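One structure below.
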Amino acid sequence: MFHTLQKTFRAYFIGIILTLGLSTQMKAQIMDAFVLQKDGAGLCPGGQIRVFIAPNANYIKYYWEILRPSGWSGVAVSGVSGPSLSHNEALPYRLRVEDVNGITYYSQQLNVVLLTPPPSIITPSPNVTQICQGEDVKLDANPIPTVFYKWEYNNTILPENGLSITARKAGTYKLSVTDQNSCTTVSTPYTLSYFSSLVVQLNTVPTICDVNASPLNLQGSPAGGEYRGVGVTDKVLGTFSPSVAGVGDHEIEYAVRNSGTCPEIVEKINIKISEPKAIINNSLNRTDLCNGESVLLSGTTGFAAYEWFLNGSSINTMKDLTVSATGDYSLKVTDAENCSNTSAPVRIKFFTASATSMDAVASVCGTNYSPITLNGAPSGGIFTIDNLPATVFDYKKLSFGKHVINYKVNGVLTCLNGESSQEVYISPYPKIDLGNDIFLGKGNAVTLKGYIGNDYTYRWSPSNDLDNPNIANPLASPMQTSEYILSVTNDRGCESKDTIKINVYDKVYVPTAFSPNGDGQNDLWELSGINNYPDAEIQVFDRWGSIVFYSKGNYLPFDGTNAGNPLKEGTYIYKIYLYPNHPIFQYNGTLTIMR
């Protein structure tokens with residue numbers, strides 16, 4: 001309210017003066033007519049502060065004054081005849097102005113105080129000025145709230161702006177601290193140096209364009225260091241293997257032991273292994289087309305250069321290629337590292353209308369065959385086996401009999417729509433069972449039973465002693481033990497074989513007594529005809545059931561002894577097995593030993 005009344009009074013007073021039209025040369029002076037403003041809270045040491053008023057078109061002259069111990073005096077600054085002043089004294093300021101009517105106005109006094117700048121101190125940890133190469137020193141600033149830190153290394157501003165940084169290189173570090181009043185102080189420079197002047201170098205390696213390239217030896221100096229990193233297979237020689245490292249960027253180190261107590265010095269390089277992949281994208285996702293169509297082949301985006309080839313000859317250097325002719329198309333790509341790769345050829349085929357076909361599948365006997373992948377032309381059709389979708393013909397999973405394979409092309413190429421089929425037979429082998437071996441008395445005949453059906457061809461071998469070797473049930477009359485093989489073939493040419501043995505036997509004469517008394521007459525128990533049975537087994541028992549004689553194969557006549565001791569006169573029991581595995585062919589009886 002007071003300021004409002006004051007402004008009203010001044011306006012009223014000015015109006016009276018103008019109305020009276022004073023004829024004298026006295027000019028009116030109005031104190032505290034307006035307010036001075038300043039930028040910031042005060043004056044930073046060594047800096048300047050700007051004081052100003054809002055522009056007023058009626059003001060034509062400006063006189064800036066400072067209150068010194070001797071009183072108000074003008075500011076000795078050239079070129080300050082205006083509504084603002086930048087100056088470096090922390091004292092009271094005021095501004096005197098004259099308007100177009102010659103009236104003088106004084107501003108209110110503005111006090112400018114001298115601000116206390118924030119401290120800027122670098123504290124190293126540890127407190128050293130020399131380090132070994134590879135070591136570091138932590139540099140701390142004095143912590144102050146709401147200030148901004150700026151670090152410099154060799155007069156270059158560092159990106160770090162926090163309370164501390166890590167110094168790893170020899171050189172000069174400085175710290176600037178700026179508070180919220182924009183007052184800035186700069187620290188005393190901190191200089192860091194190395195104990196040793198050893199310089200380690202590792203020669204750069206150009207980009208490697210083939211991951212399977214031969215290993216190379218890296219070049220580092222001075223000699224005697226150790227090479228490290230992914231792909232380094234010999235740390236002493238510096239052998240680098242691209243195949244071990246793989247595609248990508250690999251940081252390689254060369255470490256040399258320093259002198260004295262300083263740790264090793266490490267130099268690093270980056271080895272890039274690039275292996276661009278040339279991939280052909282097909283806009284139709286098919287390589288078979290009808291004449292009059294076209295397909296867009298495209299390379300992958302992001303390579304520096306592209307080159308298309310048709311049947312080995314360069315035809316285009318754009319990323320995309322429109323194809324309308326049959327041929328082998330390949331693409332070479334080159335990346336930003338000047339590494340190149342060429343794709344495998346893609347065969348694009350253009351067709352006119354033609355018959356549909358498929359690869360033949362063989363008819364077989366039995367099922368023990370590997371599955372066959374079904375292939376048809378043109379590609380893109382659908383296979384069925386016995387009206388069921390299929391991609392392979394698997395003999396083991398299909399039943400015996402006739403199977404129909406059908407290949408139908410529909411909707412892929414309108415010019416090649418069509419259908420073809422074939423019949424494949426899986427036939428079982430004939431099942432033959434001639435039964436067990438036959439025992440036949442010498443001079444007799446037996447009918448062999450091989451019949452399994454009318455739709456078969458029969459063949460016996462050998463044909464000896466058979467009335468007809470080409471029928472299913474021939475009459476056999478062998479005079480000695482024989483084996484016969486029957487081969488049976490069905491109408492699909494599938495053949496099976498079986499064997500039967502006819503054991504021809506003759507009578508054996510078994511004496512009921514003999515006299516092993518050494519007179520040369522009937523001293524041995526002779527078995528006439530036993531040699532026709534090479535596997536014959538002979539057993540002789542006493543009346544208590546104990547075996548007193550045993551023979552199996554190659555019969556030697558019984559001499560009436562047991563373990564070299566003559567047996568007593570009396571009756572004994574014998575068993576003769578002509579075929580030990582067939583007990584039915586045996587002789588049983590009693591034998592008398594007479595002395």
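By order of appearance in the structure tokens: chains A, B, ..., then residues from 1 within every chain, and ligands from 1 in the order shown.
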request  = Check segment 97-307 of chain A with DSSP on the backbone and list each residue it calls strand (DSSP E), as number ranges by chain.
outcome  = A: 97-99, 104-107, 110-111, 122-125, 130-131, 137-141, 148-153, 156-157, 164-167, 171-178, 184-186, 190-194, 201-202, 216-217, 220-221, 226-228, 232-234, 239-240, 248-256, 265-273, 281-282, 288-290, 295-298, 305-307
inquiry  = Quick one: residues within 6 Å of segment 183-199 of chain A, only C-alpha atoms, excluding same-chain residues fewer than 4 positions away - as a PyMOL selection string?
reply    = chain A and resi 44+117+120-121+129-132+170-179
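Atom CA of Thr317 of chain A is positioned 26.9 Å from atom CA of Gly248 of chain A.
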inquiry  = Residues within 7 Å of segment 156-164 of chain A, please, as number ranges by chain. Count only C-alpha atoms; anything in the same chain fewer than 5 positions from it doesn't count.
reply    = A: 138-141, 143, 149-151
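From atom CA of Leu413 of chain A back to atom CA of Ile385 of chain A, the distance works out to 22.6 Å.
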Got a sec: who's within 7 Å of segment 291-295 of chain A, counting only C-alpha atoms, leaving out chain neighbours fewer than 3 positions off, as an mmCIF file with C-alpha atoms, in the first residue's frame?
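Wrote it out as selection-v9.cif, contents follow:
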```cif
data_model
loop_
_atom_site.group_PDB
_atom_site.id
_atom_site.type_symbol
_atom_site.label_atom_id
_atom_site.label_comp_id
_atom_site.auth_asym_id
_atom_site.auth_seq_id
_atom_site.Cartn_x
_atom_site.Cartn_y
_atom_site.Cartn_z
ATOM 1 C CA SER A 283 10.703 -63.077 -53.297
ATOM 2 C CA LEU A 284 8.645 -66.128 -54.353
ATOM 3 C CA THR A 322 15.045 -59.359 -61.245
ATOM 4 C CA VAL A 323 15.423 -62.774 -62.881
ATOM 5 C CA SER A 324 13.491 -64.012 -65.895
ATOM 6 C CA PHE A 350 11.765 -71.625 -66.151
ATOM 7 C CA PHE A 351 9.402 -74.286 -67.508
ATOM 8 C CA THR A 352 6.970 -74.731 -70.302
#
```
inquiry  = Set the distance at 10 Å and use only C-alpha atoms: which residues neighbour Phe558 of chain A once local chain neighbours fewer than 6 positions away are removed? I'd like the list as a list in words.
reply    =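 The residues satisfying every condition are Phe514, Pro516, Asp523, Leu524, Trp525, Glu526, Leu527, Ile538, Val540, Phe549, Tyr550 and Ser551 of chain A.
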request  = Go through A:Ser214, A:Asn203, A:Asn470, A:Asn101 and flag the residue nearest Val244 of chain A, using only C-alpha atoms for the distances.
outcome  = A:Ser214
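Picture a line from atom CA of Pro222 of chain A to atom CA of Ile273 of chain A; it runs 26.0 Å.
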request  = Find the residue from A:Leu36, A:Ala278, A:Ile144, A:Ala213 that sits nearest to Arg96 of chain A; use only C-alpha atoms when measuring.
outcome  =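 The shortest atom-to-atom distance to Arg96 of chain A comes from A:Leu36.
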